[in-house]
$ cat model_16.pdb   # PDB, C-alpha atoms
ATOM      1  CA  MET A   1      45.482 -12.020 -64.777
ATOM      2  CA  THR A   2      42.345 -11.133 -62.862
ATOM      3  CA  SER A   3      40.666 -14.160 -61.266
ATOM      4  CA  LEU A   4      36.878 -14.268 -61.568
ATOM      5  CA  THR A   5      34.584 -16.850 -59.948
ATOM      6  CA  LEU A   6      31.015 -17.447 -61.127
ATOM      7  CA  PHE A   7      28.581 -18.571 -58.413
ATOM      8  CA  THR A   8      24.813 -19.000 -57.988
ATOM      9  CA  PRO A   9      23.633 -17.827 -54.544
ATOM     10  CA  SER A  10      19.889 -17.638 -55.155
ATOM     11  CA  GLY A  11      17.651 -18.962 -57.925
ATOM     12  CA  VAL A  12      18.331 -22.107 -59.936
ATOM     13  CA  LEU A  13      19.957 -21.893 -63.366
ATOM     14  CA  ALA A  14      17.474 -23.590 -65.683
ATOM     15  CA  LYS A  15      20.068 -24.164 -68.414
ATOM     16  CA  ALA A  16      23.846 -24.519 -68.469
ATOM     17  CA  GLU A  17      24.343 -22.852 -71.862
ATOM     18  CA  PRO A  18      24.100 -19.175 -70.745
ATOM     19  CA  LEU A  19      26.622 -19.922 -67.966
ATOM     20  CA  LYS A  20      29.062 -21.511 -70.436
ATOM     21  CA  ARG A  21      28.576 -18.607 -72.833
ATOM     22  CA  ALA A  22      29.224 -16.083 -70.046
ATOM     23  CA  ALA A  23      32.378 -17.946 -68.948
ATOM     24  CA  ARG A  24      33.628 -17.977 -72.549
ATOM     25  CA  ARG A  25      32.982 -14.264 -73.081
ATOM     26  CA  LEU A  26      34.502 -13.229 -69.748
ATOM     27  CA  THR A  27      37.601 -15.294 -70.602
ATOM     28  CA  GLN A  28      37.822 -13.434 -73.929
ATOM     29  CA  LEU A  29      37.630 -10.165 -71.959
ATOM     30  CA  GLY A  30      40.808 -11.167 -70.121
ATOM     31  CA  PHE A  31      39.551 -12.759 -66.892
ATOM     32  CA  GLU A  32      40.816 -16.040 -65.523
ATOM     33  CA  VAL A  33      37.362 -17.593 -65.071
ATOM     34  CA  SER A  34      36.427 -20.408 -62.726
ATOM     35  CA  THR A  35      32.905 -21.670 -62.038
ATOM     36  CA  ASP A  36      31.930 -22.678 -58.516
ATOM     37  CA  ALA A  37      31.304 -26.440 -58.199
ATOM     38  CA  ASP A  38      27.651 -25.888 -57.216
ATOM     39  CA  ALA A  39      26.799 -23.146 -59.719
ATOM     40  CA  LEU A  40      24.425 -25.508 -61.561
ATOM     41  CA  ALA A  41      23.044 -27.303 -58.483
ATOM     42  CA  LYS A  42      19.254 -27.644 -58.307
ATOM     43  CA  HIS A  43      16.891 -27.883 -55.331
ATOM     44  CA  GLN A  44      13.284 -26.776 -55.942
ATOM     45  CA  ARG A  45      13.610 -23.228 -57.304
ATOM     46  CA  PHE A  46      17.015 -22.755 -55.698
ATOM     47  CA  ALA A  47      20.584 -23.343 -56.869
ATOM     48  CA  GLY A  48      21.068 -26.112 -54.332
ATOM     49  CA  ASP A  49      19.614 -26.293 -50.823
ATOM     50  CA  ASP A  50      20.372 -23.619 -48.244
ATOM     51  CA  ALA A  51      23.412 -25.458 -46.837
ATOM     52  CA  ALA A  52      24.936 -25.833 -50.309
ATOM     53  CA  ARG A  53      24.451 -22.176 -51.211
ATOM     54  CA  LEU A  54      25.763 -21.016 -47.842
ATOM     55  CA  ALA A  55      28.843 -23.233 -48.260
ATOM     56  CA  ALA A  56      29.437 -21.776 -51.726
ATOM     57  CA  LEU A  57      29.443 -18.209 -50.351
ATOM     58  CA  HIS A  58      31.926 -19.170 -47.612
ATOM     59  CA  ARG A  59      34.079 -21.132 -50.088
ATOM     60  CA  ILE A  60      34.329 -18.120 -52.411
ATOM     61  CA  ALA A  61      34.986 -15.733 -49.507
ATOM     62  CA  ASP A  62      37.852 -17.961 -48.305
ATOM     63  CA  ALA A  63      39.332 -18.253 -51.820
ATOM     64  CA  ALA A  64      39.057 -14.453 -52.231
ATOM     65  CA  PRO A  65      39.154 -14.210 -56.052
ATOM     66  CA  SER A  66      39.555 -10.735 -57.585
ATOM     67  CA  VAL A  67      35.927 -10.841 -58.753
ATOM     68  CA  ALA A  68      32.984 -12.893 -57.438
ATOM     69  CA  LEU A  69      30.246 -12.523 -60.057
ATOM     70  CA  ALA A  70      26.785 -13.964 -59.395
ATOM     71  CA  THR A  71      25.241 -15.844 -62.313
ATOM     72  CA  ARG A  72      21.676 -14.696 -61.598
ATOM     73  CA  GLY A  73      19.369 -13.340 -58.898
ATOM     74  CA  GLY A  74      15.889 -14.679 -58.264
ATOM     75  CA  TYR A  75      15.261 -15.466 -54.609
ATOM     76  CA  GLY A  76      17.287 -17.274 -51.969
ATOM     77  CA  LEU A  77      19.766 -15.024 -50.164
ATOM     78  CA  THR A  78      17.146 -14.011 -47.566
ATOM     79  CA  ARG A  79      17.237 -17.629 -46.317
ATOM     80  CA  LEU A  80      20.989 -17.388 -45.674
ATOM     81  CA  LEU A  81      21.360 -13.995 -43.977
ATOM     82  CA  ASP A  82      21.027 -15.274 -40.401
ATOM     83  CA  GLN A  83      23.597 -18.063 -40.888
ATOM     84  CA  LEU A  84      26.151 -16.225 -43.001
ATOM     85  CA  ASP A  85      29.611 -15.721 -41.506
ATOM     86  CA  TRP A  86      29.831 -12.004 -42.305
ATOM     87  CA  GLY A  87      33.404 -11.834 -40.995
ATOM     88  CA  ARG A  88      34.545 -14.184 -43.763
ATOM     89  CA  ILE A  89      32.759 -12.095 -46.389
ATOM     90  CA  ALA A  90      34.340  -8.910 -44.962
ATOM     91  CA  ARG A  91      37.825 -10.448 -44.983
ATOM     92  CA  SER A  92      37.486 -11.363 -48.657
ATOM     93  CA  ILE A  93      36.636  -7.721 -49.472
ATOM     94  CA  GLU A  94      39.613  -6.524 -47.418
ATOM     95  CA  GLN A  95      41.750  -8.893 -49.515
ATOM     96  CA  GLY A  96      40.435  -7.244 -52.678
ATOM     97  CA  THR A  97      37.460  -9.374 -53.750
ATOM     98  CA  ARG A  98      34.820  -7.421 -55.620
ATOM     99  CA  TRP A  99      31.411  -9.104 -55.168
ATOM    100  CA  VAL A 100      29.172  -8.164 -58.111
ATOM    101  CA  GLY A 101      25.472  -8.506 -58.871
ATOM    102  CA  TYR A 102      22.058  -6.946 -58.377
ATOM    103  CA  SER A 103      18.441  -7.986 -57.801
ATOM    104  CA  ASP A 104      18.488 -10.643 -55.015
ATOM    105  CA  LEU A 105      22.145  -9.677 -54.293
ATOM    106  CA  THR A 106      20.638  -6.549 -52.673
ATOM    107  CA  ALA A 107      20.140  -8.686 -49.535
ATOM    108  CA  LEU A 108      23.832  -9.597 -49.354
ATOM    109  CA  GLN A 109      25.044  -6.081 -50.163
ATOM    110  CA  ASN A 110      22.891  -4.347 -47.566
ATOM    111  CA  GLY A 111      23.469  -7.024 -44.931
ATOM    112  CA  LEU A 112      27.160  -6.185 -45.294
ATOM    113  CA  ILE A 113      26.508  -2.432 -45.043
ATOM    114  CA  ALA A 114      24.493  -3.053 -41.859
ATOM    115  CA  ARG A 115      27.599  -4.571 -40.234
ATOM    116  CA  HIS A 116      30.683  -3.007 -41.777
ATOM    117  CA  LYS A 117      31.415   0.659 -42.336
ATOM    118  CA  GLY A 118      33.918   1.339 -45.064
ATOM    119  CA  LEU A 119      33.414  -1.915 -46.983
ATOM    120  CA  SER A 120      31.604  -2.108 -50.290
ATOM    121  CA  MET A 121      30.373  -4.518 -52.931
ATOM    122  CA  TRP A 122      29.413  -3.712 -56.526
ATOM    123  CA  ALA A 123      25.899  -3.364 -57.821
ATOM    124  CA  GLY A 124      26.467  -4.436 -61.398
ATOM    125  CA  PRO A 125      25.725  -7.069 -64.015
ATOM    126  CA  LEU A 126      24.888 -10.736 -63.526
ATOM    127  CA  ALA A 127      26.832 -13.316 -65.536
ATOM    128  CA  CYS A 128      23.972 -15.110 -67.295
ATOM    129  CA  ASP A 129      21.658 -12.124 -67.868
ATOM    130  CA  ASP A 130      24.350  -9.772 -69.062
ATOM    131  CA  PHE A 131      27.244 -11.878 -70.385
ATOM    132  CA  GLY A 132      25.401 -15.097 -71.243
ATOM    133  CA  ARG A 133      22.741 -13.594 -73.527
ATOM    134  CA  SER A 134      22.749 -15.237 -76.946
ATOM    135  CA  GLU A 135      23.604 -13.190 -80.052
ATOM    136  CA  ALA A 136      20.065 -13.919 -81.298
ATOM    137  CA  ASP A 137      18.728 -12.118 -78.214
ATOM    138  CA  GLY A 138      21.089  -9.181 -78.737
ATOM    139  CA  GLY A 139      24.313 -10.368 -77.114
ATOM    140  CA  VAL A 140      26.269  -8.282 -74.623
ATOM    141  CA  ASP A 141      25.417  -4.624 -74.055
ATOM    142  CA  GLU A 142      28.561  -2.553 -74.732
ATOM    143  CA  VAL A 143      28.030   0.076 -72.026
ATOM    144  CA  THR A 144      27.323  -2.619 -69.420
ATOM    145  CA  ARG A 145      30.461  -4.497 -70.482
ATOM    146  CA  ASP A 146      32.721  -1.438 -70.559
ATOM    147  CA  CYS A 147      31.466  -0.142 -67.217
ATOM    148  CA  PHE A 148      32.048  -3.550 -65.658
ATOM    149  CA  LEU A 149      35.579  -3.802 -67.061
ATOM    150  CA  GLU A 150      36.438  -0.319 -65.856
ATOM    151  CA  ALA A 151      34.978  -0.949 -62.393
ATOM    152  CA  MET A 152      36.812  -4.260 -62.035
ATOM    153  CA  SER A 153      40.134  -2.704 -63.110
ATOM    154  CA  GLY A 154      39.753  -0.030 -60.420
ATOM    155  CA  ALA A 155      39.554   2.767 -62.965
ATOM    156  CA  LEU A 156      35.849   3.641 -62.767
ATOM    157  CA  GLU A 157      35.377   6.759 -60.661
ATOM    158  CA  ALA A 158      31.992   8.083 -61.724
ATOM    159  CA  VAL A 159      28.864   7.461 -63.748
ATOM    160  CA  GLY A 160      26.841  10.155 -65.460
ATOM    161  CA  PHE A 161      23.187  10.196 -66.432
ATOM    162  CA  ARG A 162      20.424  12.510 -67.594
ATOM    163  CA  GLU A 163      17.863  13.421 -64.942
ATOM    164  CA  PRO A 164      14.750  13.836 -67.098
ATOM    165  CA  THR A 165      12.500  15.794 -64.729
ATOM    166  CA  GLY A 166      14.904  18.695 -64.154
ATOM    167  CA  GLY A 167      14.540  20.926 -61.136
ATOM    168  CA  PHE A 168      17.720  19.683 -59.445
ATOM    169  CA  ASP A 169      20.217  22.075 -61.049
ATOM    170  CA  GLY A 170      23.035  22.849 -58.623
ATOM    171  CA  LEU A 171      22.273  19.950 -56.286
ATOM    172  CA  GLU A 172      25.307  18.596 -54.438
ATOM    173  CA  ALA A 173      25.154  15.704 -51.994
ATOM    174  CA  ARG A 174      27.666  13.364 -50.380
ATOM    175  CA  GLY A 175      27.014  10.184 -48.441
ATOM    176  CA  ARG A 176      27.150   6.403 -48.290
ATOM    177  CA  LEU A 177      25.625   4.686 -51.324
ATOM    178  CA  TRP A 178      23.183   1.918 -50.460
ATOM    179  CA  GLY A 179      19.978   0.264 -51.654
ATOM    180  CA  GLY A 180      19.274  -1.715 -54.806
ATOM    181  CA  ASN A 181      16.167  -3.757 -55.504
ATOM    182  CA  LEU A 182      13.198  -2.097 -53.779
ATOM    183  CA  SER A 183      11.256  -5.293 -52.873
ATOM    184  CA  VAL A 184      14.346  -7.010 -51.483
ATOM    185  CA  LEU A 185      15.364  -3.891 -49.554
ATOM    186  CA  CYS A 186      11.909  -3.480 -47.985
ATOM    187  CA  SER A 187      12.052  -7.131 -46.865
ATOM    188  CA  LEU A 188      15.070  -6.225 -44.679
ATOM    189  CA  LEU A 189      13.257  -3.461 -42.735
ATOM    190  CA  GLY A 190      13.111  -4.258 -39.030
ATOM    191  CA  THR A 191      15.672  -7.086 -39.283
ATOM    192  CA  PRO A 192      19.345  -7.111 -38.143
ATOM    193  CA  HIS A 193      20.235  -6.947 -41.843
ATOM    194  CA  TRP A 194      18.825  -3.437 -42.289
ATOM    195  CA  PRO A 195      21.469  -0.720 -42.841
ATOM    196  CA  LYS A 196      20.698   2.249 -40.599
ATOM    197  CA  VAL A 197      22.197   4.757 -43.031
ATOM    198  CA  LYS A 198      21.626   8.444 -42.319
ATOM    199  CA  GLY A 199      22.580  11.144 -44.824
ATOM    200  CA  GLY A 200      23.213   8.517 -47.460
ATOM    201  CA  ILE A 201      22.452   8.279 -51.144
ATOM    202  CA  LEU A 202      19.801   5.602 -51.642
ATOM    203  CA  PHE A 203      19.353   4.046 -55.082
ATOM    204  CA  LEU A 204      16.357   1.883 -55.996
ATOM    205  CA  GLU A 205      15.074  -0.233 -58.898
ATOM    206  CA  ASP A 206      12.565  -3.029 -59.421
ATOM    207  CA  VAL A 207      10.967  -5.157 -62.118
ATOM    208  CA  ASN A 208       7.508  -6.658 -62.699
ATOM    209  CA  GLU A 209       6.057  -4.606 -59.843
ATOM    210  CA  HIS A 210       2.967  -2.561 -60.728
ATOM    211  CA  PRO A 211       3.465   1.187 -60.141
ATOM    212  CA  TYR A 212       1.022   1.159 -57.204
ATOM    213  CA  ARG A 213       3.108  -1.567 -55.525
ATOM    214  CA  VAL A 214       6.267   0.468 -56.174
ATOM    215  CA  GLU A 215       4.534   3.477 -54.616
ATOM    216  CA  ARG A 216       3.447   1.447 -51.584
ATOM    217  CA  MET A 217       7.035   0.300 -50.953
ATOM    218  CA  LEU A 218       8.433   3.819 -51.467
ATOM    219  CA  LEU A 219       5.886   5.185 -48.993
ATOM    220  CA  GLN A 220       6.740   2.392 -46.540
ATOM    221  CA  LEU A 221      10.353   3.609 -46.602
ATOM    222  CA  GLN A 222       9.204   7.214 -46.276
ATOM    223  CA  GLN A 223       6.806   6.465 -43.412
ATOM    224  CA  ALA A 224       9.548   4.501 -41.640
ATOM    225  CA  GLY A 225      11.663   7.684 -41.680
ATOM    226  CA  VAL A 226      14.177   6.226 -44.126
ATOM    227  CA  ILE A 227      13.677   8.541 -47.113
ATOM    228  CA  ASP A 228      13.654  11.719 -45.029
ATOM    229  CA  ALA A 229      17.001  10.726 -43.448
ATOM    230  CA  GLN A 230      18.814  10.524 -46.823
ATOM    231  CA  ALA A 231      20.775  13.200 -48.672
ATOM    232  CA  ALA A 232      19.257  12.054 -51.983
ATOM    233  CA  VAL A 233      17.326   9.199 -53.598
ATOM    234  CA  LEU A 234      18.188   7.935 -57.099
ATOM    235  CA  LEU A 235      15.579   5.910 -58.953
ATOM    236  CA  GLY A 236      16.616   3.488 -61.682
ATOM    237  CA  ASP A 237      14.332   1.425 -63.885
ATOM    238  CA  PHE A 238      10.877   0.240 -62.789
ATOM    239  CA  SER A 239       9.426  -1.673 -65.698
ATOM    240  CA  GLY A 240       7.892  -4.978 -66.720
ATOM    241  CA  ALA A 241       4.511  -4.740 -65.002
ATOM    242  CA  ALA A 242       1.314  -5.069 -67.017
ATOM    243  CA  LYS A 243      -0.959  -2.049 -67.051
ATOM    244  CA  SER A 244      -4.327  -2.403 -65.338
ATOM    245  CA  PRO A 245      -7.617  -1.033 -66.755
ATOM    246  CA  LEU A 246      -8.165   0.481 -63.299
ATOM    247  CA  ASP A 247      -5.068   2.706 -63.605
ATOM    248  CA  ARG A 248      -6.907   5.434 -65.537
ATOM    249  CA  GLY A 249      -3.646   7.160 -66.436
ATOM    250  CA  TYR A 250      -1.820   6.351 -63.177
ATOM    251  CA  GLY A 251       1.753   5.193 -63.724
ATOM    252  CA  ILE A 252       5.276   5.242 -62.330
ATOM    253  CA  LYS A 253       5.516   9.039 -62.674
ATOM    254  CA  ASP A 254       2.541   9.356 -60.335
ATOM    255  CA  ALA A 255       4.171   6.977 -57.848
ATOM    256  CA  VAL A 256       7.295   9.155 -57.883
ATOM    257  CA  ALA A 257       5.175  12.303 -57.519
ATOM    258  CA  ALA A 258       3.456  10.771 -54.469
ATOM    259  CA  LEU A 259       6.845  10.212 -52.832
ATOM    260  CA  ARG A 260       8.152  13.676 -53.748
ATOM    261  CA  ALA A 261       5.037  15.280 -52.234
ATOM    262  CA  ARG A 262       5.843  13.674 -48.884
ATOM    263  CA  THR A 263       9.577  14.337 -48.497
ATOM    264  CA  LYS A 264      12.056  17.189 -48.767
ATOM    265  CA  THR A 265      14.767  14.729 -49.854
ATOM    266  CA  PRO A 266      15.598  15.191 -53.559
ATOM    267  CA  VAL A 267      14.235  12.208 -55.527
ATOM    268  CA  LEU A 268      15.992  11.921 -58.891
ATOM    269  CA  THR A 269      15.077   9.591 -61.744
ATOM    270  CA  GLY A 270      16.983   8.312 -64.767
ATOM    271  CA  LEU A 271      19.743   6.291 -63.071
ATOM    272  CA  PRO A 272      20.827   3.685 -65.668
ATOM    273  CA  PHE A 273      20.381   0.713 -63.388
ATOM    274  CA  GLY A 274      17.939  -2.134 -62.889
ATOM    275  CA  HIS A 275      16.529  -5.072 -64.830
ATOM    276  CA  VAL A 276      17.493  -3.461 -68.126
ATOM    277  CA  ARG A 277      20.146  -4.238 -70.732
ATOM    278  CA  THR A 278      22.245  -1.140 -70.112
ATOM    279  CA  LYS A 279      23.414  -0.881 -66.525
ATOM    280  CA  VAL A 280      26.298   0.880 -64.834
ATOM    281  CA  CYS A 281      28.362  -0.416 -61.898
ATOM    282  CA  LEU A 282      27.908   1.237 -58.511
ATOM    283  CA  PRO A 283      29.995   0.819 -55.337
ATOM    284  CA  VAL A 284      27.285  -0.156 -52.820
ATOM    285  CA  GLY A 285      28.487   0.796 -49.358
ATOM    286  CA  GLY A 286      31.061   3.275 -50.646
ATOM    287  CA  THR A 287      31.012   7.035 -50.104
ATOM    288  CA  VAL A 288      29.828   8.863 -53.207
ATOM    289  CA  GLU A 289      29.288  12.452 -54.310
ATOM    290  CA  LEU A 290      26.363  13.569 -56.417
ATOM    291  CA  TYR A 291      26.472  16.704 -58.586
ATOM    292  CA  VAL A 292      23.717  17.942 -60.852
ATOM    293  CA  GLN A 293      24.218  20.549 -63.550
ATOM    294  CA  ARG A 294      21.017  21.418 -65.378
ATOM    295  CA  ARG A 295      19.813  17.902 -66.280
ATOM    296  CA  GLU A 296      23.156  16.146 -66.133
ATOM    297  CA  ALA A 297      23.838  14.198 -62.963
ATOM    298  CA  ILE A 298      27.239  12.804 -62.014
ATOM    299  CA  LEU A 299      27.754  10.268 -59.258
ATOM    300  CA  GLY A 300      31.434  10.020 -58.364
ATOM    301  CA  TRP A 301      33.677   8.234 -55.875
ATOM    302  CA  GLN A 302      37.316   7.536 -55.084
ATOM    303  CA  SER A 303      38.544   4.530 -57.011
ATOM    304  CA  ASP A 304      40.346   1.831 -55.041
ATOM    305  CA  PRO A 305      44.042   2.818 -54.978
ATOM    306  CA  ARG A 306      45.030  -0.846 -54.626
ATOM    307  CA  LEU A 307      43.473  -1.613 -57.981
ATOM    308  CA  ALA A 308      43.989   1.503 -60.013
ATOM    309  CA  HIS A 309      47.765   1.313 -60.455
ATOM    310  CA  GLY A 310      48.481   2.153 -64.050
ATOM    311  CA  ALA A 311      44.789   2.325 -64.871
ATOM    312  CA  HIS A 312      44.196   4.803 -67.653
ATOM    313  CA  HIS A 313      41.125   6.842 -68.334
ATOM    314  CA  HIS A 314      39.735   6.735 -71.819
ATOM    315  CA  ASP A 315      37.007   9.142 -72.711
ATOM    316  CA  ASP A 316      34.970   6.533 -74.526
ATOM    317  CA  ASP A 317      35.654   3.454 -72.416
ATOM    318  CA  CYS A 318      32.336   3.472 -70.753
ATOM    319  CA  GLY A 319      30.077   5.101 -73.299
ATOM    320  CA  ASP A 320      28.088   8.207 -72.483
ATOM    321  CA  ASP A 321      26.109   6.479 -69.764
ATOM    322  CA  CYS A 322      29.199   5.989 -67.669
ATOM    323  CA  GLY A 323      30.256   9.540 -68.493
ATOM    324  CA  HIS A 324      32.934  10.129 -65.862
ATOM    325  CA  ASP A 325      35.384  12.028 -68.048
ATOM    326  CA  HIS A 326      32.766  13.510 -70.332
ATOM    327  CA  HIS A 327      32.140  17.193 -70.666
ATOM    328  CA  HIS A 328      28.503  17.858 -71.279
ATOM    329  CA  HIS A 329      27.608  20.916 -73.282
TER     330      HIS A 329
END

$ encode --input "model_16.pdb" --output "structure tokens"
Amino acid sequence: MTSLTLFTPSGVLAKAEPLKRAARRLTQLGFEVSTDADALAKHQRFAGDDAARLAALHRIADAAPSVALATRGGYGLTRLLDQLDWGRIARSIEQGTRWVGYSDLTALQNGLIARHKGLSMWAGPLACDDFGRSEADGGVDEVTRDCFLEAMSGALEAVGFREPTGGFDGLEARGRLWGGNLSVLCSLLGTPHWPKVKGGILFLEDVNEHPYRVERMLLQLQQAGVIDAQAAVLLGDFSGAAKSPLDRGYGIKDAVAALRARTKTPVLTGLPFGHVRTKVCLPVGGTVELYVQRREAILGWQSDPRLAHGAHHHDDDCGDDCGHDHHHH
């Protein structure tokens, strides 16, 4: 049985019910679920004070479960980056632990990439948001669930998506996958936790940030030389911000156009990732290959041979959004 530990490294869990629901559902999906002792701890807006959250990360790293799934994001990992024993985190990954999450987990994932070549974590669902959602609110998204199961079994080798703008037909790129939440990533610039990735594939998403703020952060990365040094940029979902009467038609497409006008690096949109119900799993820190045929993009990688023994590919396991084995016509 695959051991899975639920932990809360950042923001406080307001209620216990979504956590219990997530644990129940993940158990039904075949995981041997345990919940970290401090998962429901509370200190101001955090899941316990800094020392408690730091201890939880080290405790999980030392236990090295098959899967370490964060319950939620929020804010809090930035406070721990300077004190974290990265060697312990790295050893857990070498022993087979797959750390999973997104949003504030971007800080942990990229801090690892900054220090360790060849190690990766998973950008993927969060326990409470994705597995703890009540049936009344729509329950668990099937593509998110199936992608997660396939990634955790070692069978997931690619995700496919439609690139709506076109113009990238025939594009091929290969490099280290990195990035995640745009605000969190920008907060690492100029710190020891910044991954100096050249020729990589950078993926970005954010929520509740007005398009002009998204544009400002994208241009910060471009002006810092980061965007120009990549093989490709993949943009996920940027939603949730209220429109302003001053926009006068300006929106996220214009923010993307402003970035594209300033770089030769291909900037693709449509990646099914971010603060949305349907999200794929991505090996952050792993080497990936990007292929685009007309408007169909495929992001592929080598699955972990230690995990994929006897793993079978099913055409429909991961829905069309995870389309690794799918033939697009």

$ closest_residue --input "model_16.pdb" --among "A:Arg72, A:Gly170, A:Trp194, A:Glu209" --to "Leu221 in chain A" --atoms "all atoms listed in the file"
A:Trp194

$ resolve_selection --input "model_16.pdb" --expression "the PyMOL selection byres ((chain A and resi 274-282) around 7)" --output "list in words"
Trp122, Ala123, Gly124, Asp141, Val143, Thr144, Cys147, Phe148, Ala151, Glu205, Asp206, Val207, Gly236, Asp237, Pro272, Phe273, Pro283, Val284 and Cys322 of chain A

$ residues_around --input "model_16.pdb" --residues "Ala56 in chain A" --least-positions-apart "4" --cutoff "8 Å" --atoms "only C-alpha atoms" --output "PyMOL selection string"
chain A and resi 7+9+36+38+52+60

$ closest_residue --input "model_16.pdb" --among "A:Arg45, A:Arg88, A:Lys253, A:Lys196" --to "Ala224 in chain A" --atoms "all atoms listed in the file"
A:Lys196

$ closest_residue --input "model_16.pdb" --among "A:Gly190, A:Tyr212, A:Val292, A:Asp104" --to "Ser244 in chain A" --atoms "all atoms listed in the file"
A:Tyr212

$ resolve_selection --input "model_16.pdb" --expression "the PyMOL selection byres ((chain A and resi 129) around 9)" --output "ChimeraX atom specification"
/A:18,22,71-72,125-128,130-133,277

$ atom_distance --input "model_16.pdb" --atom1 "CA of His193 in chain A" --atom2 "CA of Leu84 in chain A"
11.1 Å

$ residues_near_point --input "model_16.pdb" --point "(24.6, -21.2, -48.5)" --cutoff "10 Å" --atoms "all atoms listed in the file" --output "list in words"
Thr8, Pro9, Ser10, Ala47, Gly48, Asp49, Asp50, Ala51, Ala52, Arg53, Leu54, Ala55, Ala56, Leu57, His58, Arg59, Gly76, Leu77, Arg79, Leu80, Leu81, Gln83 and Leu84 of chain A

$ residues_around --input "model_16.pdb" --residues "range 174-177 of chain A" --least-positions-apart "2" --cutoff "6 Å" --atoms "all atoms listed in the file" --output "VMD selection string"
chain A and resid 199 to 202 284 to 289

$ resolve_selection --input "model_16.pdb" --expression "the PyMOL selection byres ((chain A and resi 227) around 10)" --output "list in words"
Lys198, Gly199, Gly200, Ile201, Leu202, Leu218, Leu219, Gln220, Leu221, Gln222, Gln223, Ala224, Gly225, Val226, Asp228, Ala229, Gln230, Ala231, Ala232, Val233, Leu259, Arg262, Thr263, Lys264, Thr265, Pro266 and Val267 of chain A

$ atom_distance --input "model_16.pdb" --atom1 "CA of Tyr102 in chain A" --atom2 "CA of Gly11 in chain A"
12.8 Å
